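Heads up, the thing below is written out as C-alpha cells.
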Amino acid sequence: MTSAQTTGVSRDELLSAIEEIAVILGRSTYVVGMTGAGMSVESGIPPFRGADGLWTRHGTPRMDGYSQFKKDPTGWWDRRTNQEIDAHIIELRDALAAAEPHAGHYALSELEKQGSLQSLVTQNIDALDEKAGVQNLIEIHGNRTKLRCIECGDRVSLGDFVPLYAPGPCEKCGGLMKFDTVMFGEPIPADVMATARAEIDRADCILAIGTSATVRPASGLLWIAAASGATIIEINPAETKLTPICDVSLRATAGEALPLLLDALSK
Ligand code: APR
C-alpha cells in the first residue's frame with residue numbers, strides 16, 4: 001500500500017491522490033465513511049477544534065452535561081426554554097438551522113448509490129447526510145432534529161418543536177425525553193454503537209473525512225478498523241492523530257475532494 005502523504009497539494013497532486021483513492025475504493029469490498037465536523041464546514045457549520053473551532057474560540061464545554069441534565073431535567077429544560085444557553089450553543093444552533101448539504105454530502109450519497117460506499121458513520125448531528133440522500137447512515141452522536149427517550153431509546157421527530165416547553169414523557173414507556181444529540185458524559189446509545197461497530201468490523205476500507213479523530217468512542221473505531229487490516233484513507237486539510245496510520249492522507253477539503261472522487265469513480 002503506497003502512503004501518499006500529500007500536504008499543500010497542487011491541482012495535479014490533488015487529482016493524482018484522488019485517482020489513488022478511487023483505485024483503492026474500486027478494489028475494496030466494504031467501504032465505510034467516517035465523517036466529522038469538517039465535513040459540514042463548507043455548509044457553514046463551524047468545527048469544534050482547530051483555528052476556527054467553537055471550542056477553540058469559546059473554550060471546551062463542561063464534560064458533565066449529561067449528569068447535569070439527569071440531576072435536574074426540569075431545570076435543564078427551563079434554562080433551554082428561557083434561552084439561558086451559552087454563546088457557542090447559540091452560534092452552533094443558528095449555523096445548524098441555516099445549513100444545507102454541499103456538493104461533498106451529495107457526492108457521498110451518489111458514491112453509496114453506485115456501490116462505492118456501503119455505509120456512513122457520522123459524528124455530526126446536522127442531519128445533512130440524511131438530507132443529501134445517504135441511506136445506510138449511522139449518526140453516532142445523534143440527530144439534532146429528534147428527541148430520544150433515555151429509558152427505552154425511542155426517537156421522535158422534533159417537527160417544529162422549538163424548546164418553548166419541556167417535552168412530555170416518552171409515549172412508549174413514560175421515560176424522560178431529551179434531544180437525541182449525545183451530550184458530553186452521555187454514553188453512545190447502545191443500539192447505535194452496536195451498529196457502528198458492526199459496520200467497522202465489516203469494512204476493508206475506511207474513508208475518514210473532516211474529523212480530528214480525537215473523541216472516543218467514535219474515533220476509536222478508526223484504530224479498530226486499522227488493527228483489523230482495513231485500508232485507512234483520510235481527507236482533511238490538516239494533519240490529524242490519524243494521519244500517521246493512514247494509507248492515503250489527502251490535504252483537501254470535503255467539498256473539493258469528494259465531487260472529484262465521485263467523478264473518478266463514475267468514468
Ligand atoms: N473539509 C474537511 N475537513 C475539514 C474542513 C473541510 N472543509 N475544515 C476543517 N476540517 C477538519 C479539521 O482539520 C479537523 O481535523 O475537520 C476536523 C474537525 O475536527 P473537530 O472539530 O474535532 O470535529 P470532530 O472530529 O467531528 O469532533 C468529534 O467532538 O466536540 C465533539 O461531539 C463533537 O462530534 C464532535 C466530536
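Ligands are numbered from 1 in the order shown, chains are lettered A, B, ... in the order of the C-alpha cells, and residues start at 1 in each chain.
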For this session: Around ligand 1, at most 6 Å away and counting only C-alpha atoms and all ligand atoms, which residues are there? Put them as a PyMOL selection string, please.
Result: chain A and resi 36-39+41-42+47-49+53+123-124+209-213+215+236-238+240+253-254
Exercise. Which neighbours of region 135-150 of chain A fall inside 6 Å, counting only C-alpha atoms, when residues of the same chain fewer than 4 positions from it are skipped, and could you give them as a ChimeraX atom specification?
Worked result: /A:119-123,125,154-158,170,175-182
Problem set entry | Spatial neighbours of region 104-116 of chain A, max dist 8 Å, only C-alpha atoms, sep filter under 4 positions, as an MDAnalysis selection string | chainID A and resid 25:26 31 39 128:129 132:135 254:259 262 265
I need the chosen residues saved as a PDB file, in the first residue's frame, with C-alpha atoms.
```pdb
ATOM      1  CA  LEU A  25     -12.242   2.153  -3.291  1.00  0.00           C
ATOM      2  CA  GLY A  26     -12.702   0.317  -6.591  1.00  0.00           C
ATOM      3  CA  VAL A  31     -16.144   0.880   2.300  1.00  0.00           C
ATOM      4  CA  MET A  39     -17.470  17.552   6.594  1.00  0.00           C
ATOM      5  CA  LEU A 128     -27.155  16.949   6.276  1.00  0.00           C
ATOM      6  CA  ASP A 129     -26.143  13.429   5.182  1.00  0.00           C
ATOM      7  CA  ALA A 132     -28.371  14.603   0.839  1.00  0.00           C
ATOM      8  CA  GLY A 133     -29.909  11.134   0.498  1.00  0.00           C
ATOM      9  CA  VAL A 134     -27.447   8.855   2.307  1.00  0.00           C
ATOM     10  CA  GLN A 135     -29.350   5.671   3.200  1.00  0.00           C
ATOM     11  CA  ALA A 254     -14.544  17.626   1.703  1.00  0.00           C
ATOM     12  CA  GLY A 255     -16.244  19.958  -0.756  1.00  0.00           C
ATOM     13  CA  GLU A 256     -13.323  19.902  -3.214  1.00  0.00           C
ATOM     14  CA  ALA A 257     -12.216  16.254  -2.899  1.00  0.00           C
ATOM     15  CA  LEU A 258     -15.486  14.279  -2.779  1.00  0.00           C
ATOM     16  CA  PRO A 259     -17.011  15.505  -6.078  1.00  0.00           C
ATOM     17  CA  LEU A 262     -17.231  10.714  -7.497  1.00  0.00           C
ATOM     18  CA  LEU A 265     -15.397   6.545  -9.888  1.00  0.00           C
TER      19      LEU A 265
END
```
Exercise. Can you list, as a PyMOL selection string, every residue of region 16-262 of chain A that DSSP puts in helix (DSSP H, G or I)?
Worked result: chain A and resi 16-27+37-43+54-58+65-71+73-81+87-98+103-113+128-131+190-202+220-227+243-245+254-262
For this session: Could you give me the residues within region 134-189 of chain A that DSSP places in strand (DSSP E), as a PyMOL selection string?
Result: chain A and resi 137-139+146-149+155-157+177-179
Exercise. Hey, can you check how far CA of His58 (chain A) sits from CA of Arg251 (chain A)?
Worked result: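 Atom-to-atom, CA of His58 (chain A) to CA of Arg251 (chain A), that is 26.5 Å.
Using only C-alpha atoms, the contacts of Ile24 (chain A) at a cut-off of 10 Å, with sequence neighbours closer than 2 positions omitted, comprise Met1, Ile18, Glu19, Glu20, Ile21, Ala22, Gly26, Arg27, Ser28, Thr29, Val31, Cys205, Thr231, Ile232, Ile233, Asp247 and Val248 of chain A.
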Exercise. Near region 196-202 of chain A, counting only C-alpha atoms, which residues have an atom at most 7 Å away, once you skip same-chain residues fewer than 3 positions from it, shown as a PyMOL selection string?
Worked result: chain A and resi 30+32+121+138+192-193+221+225
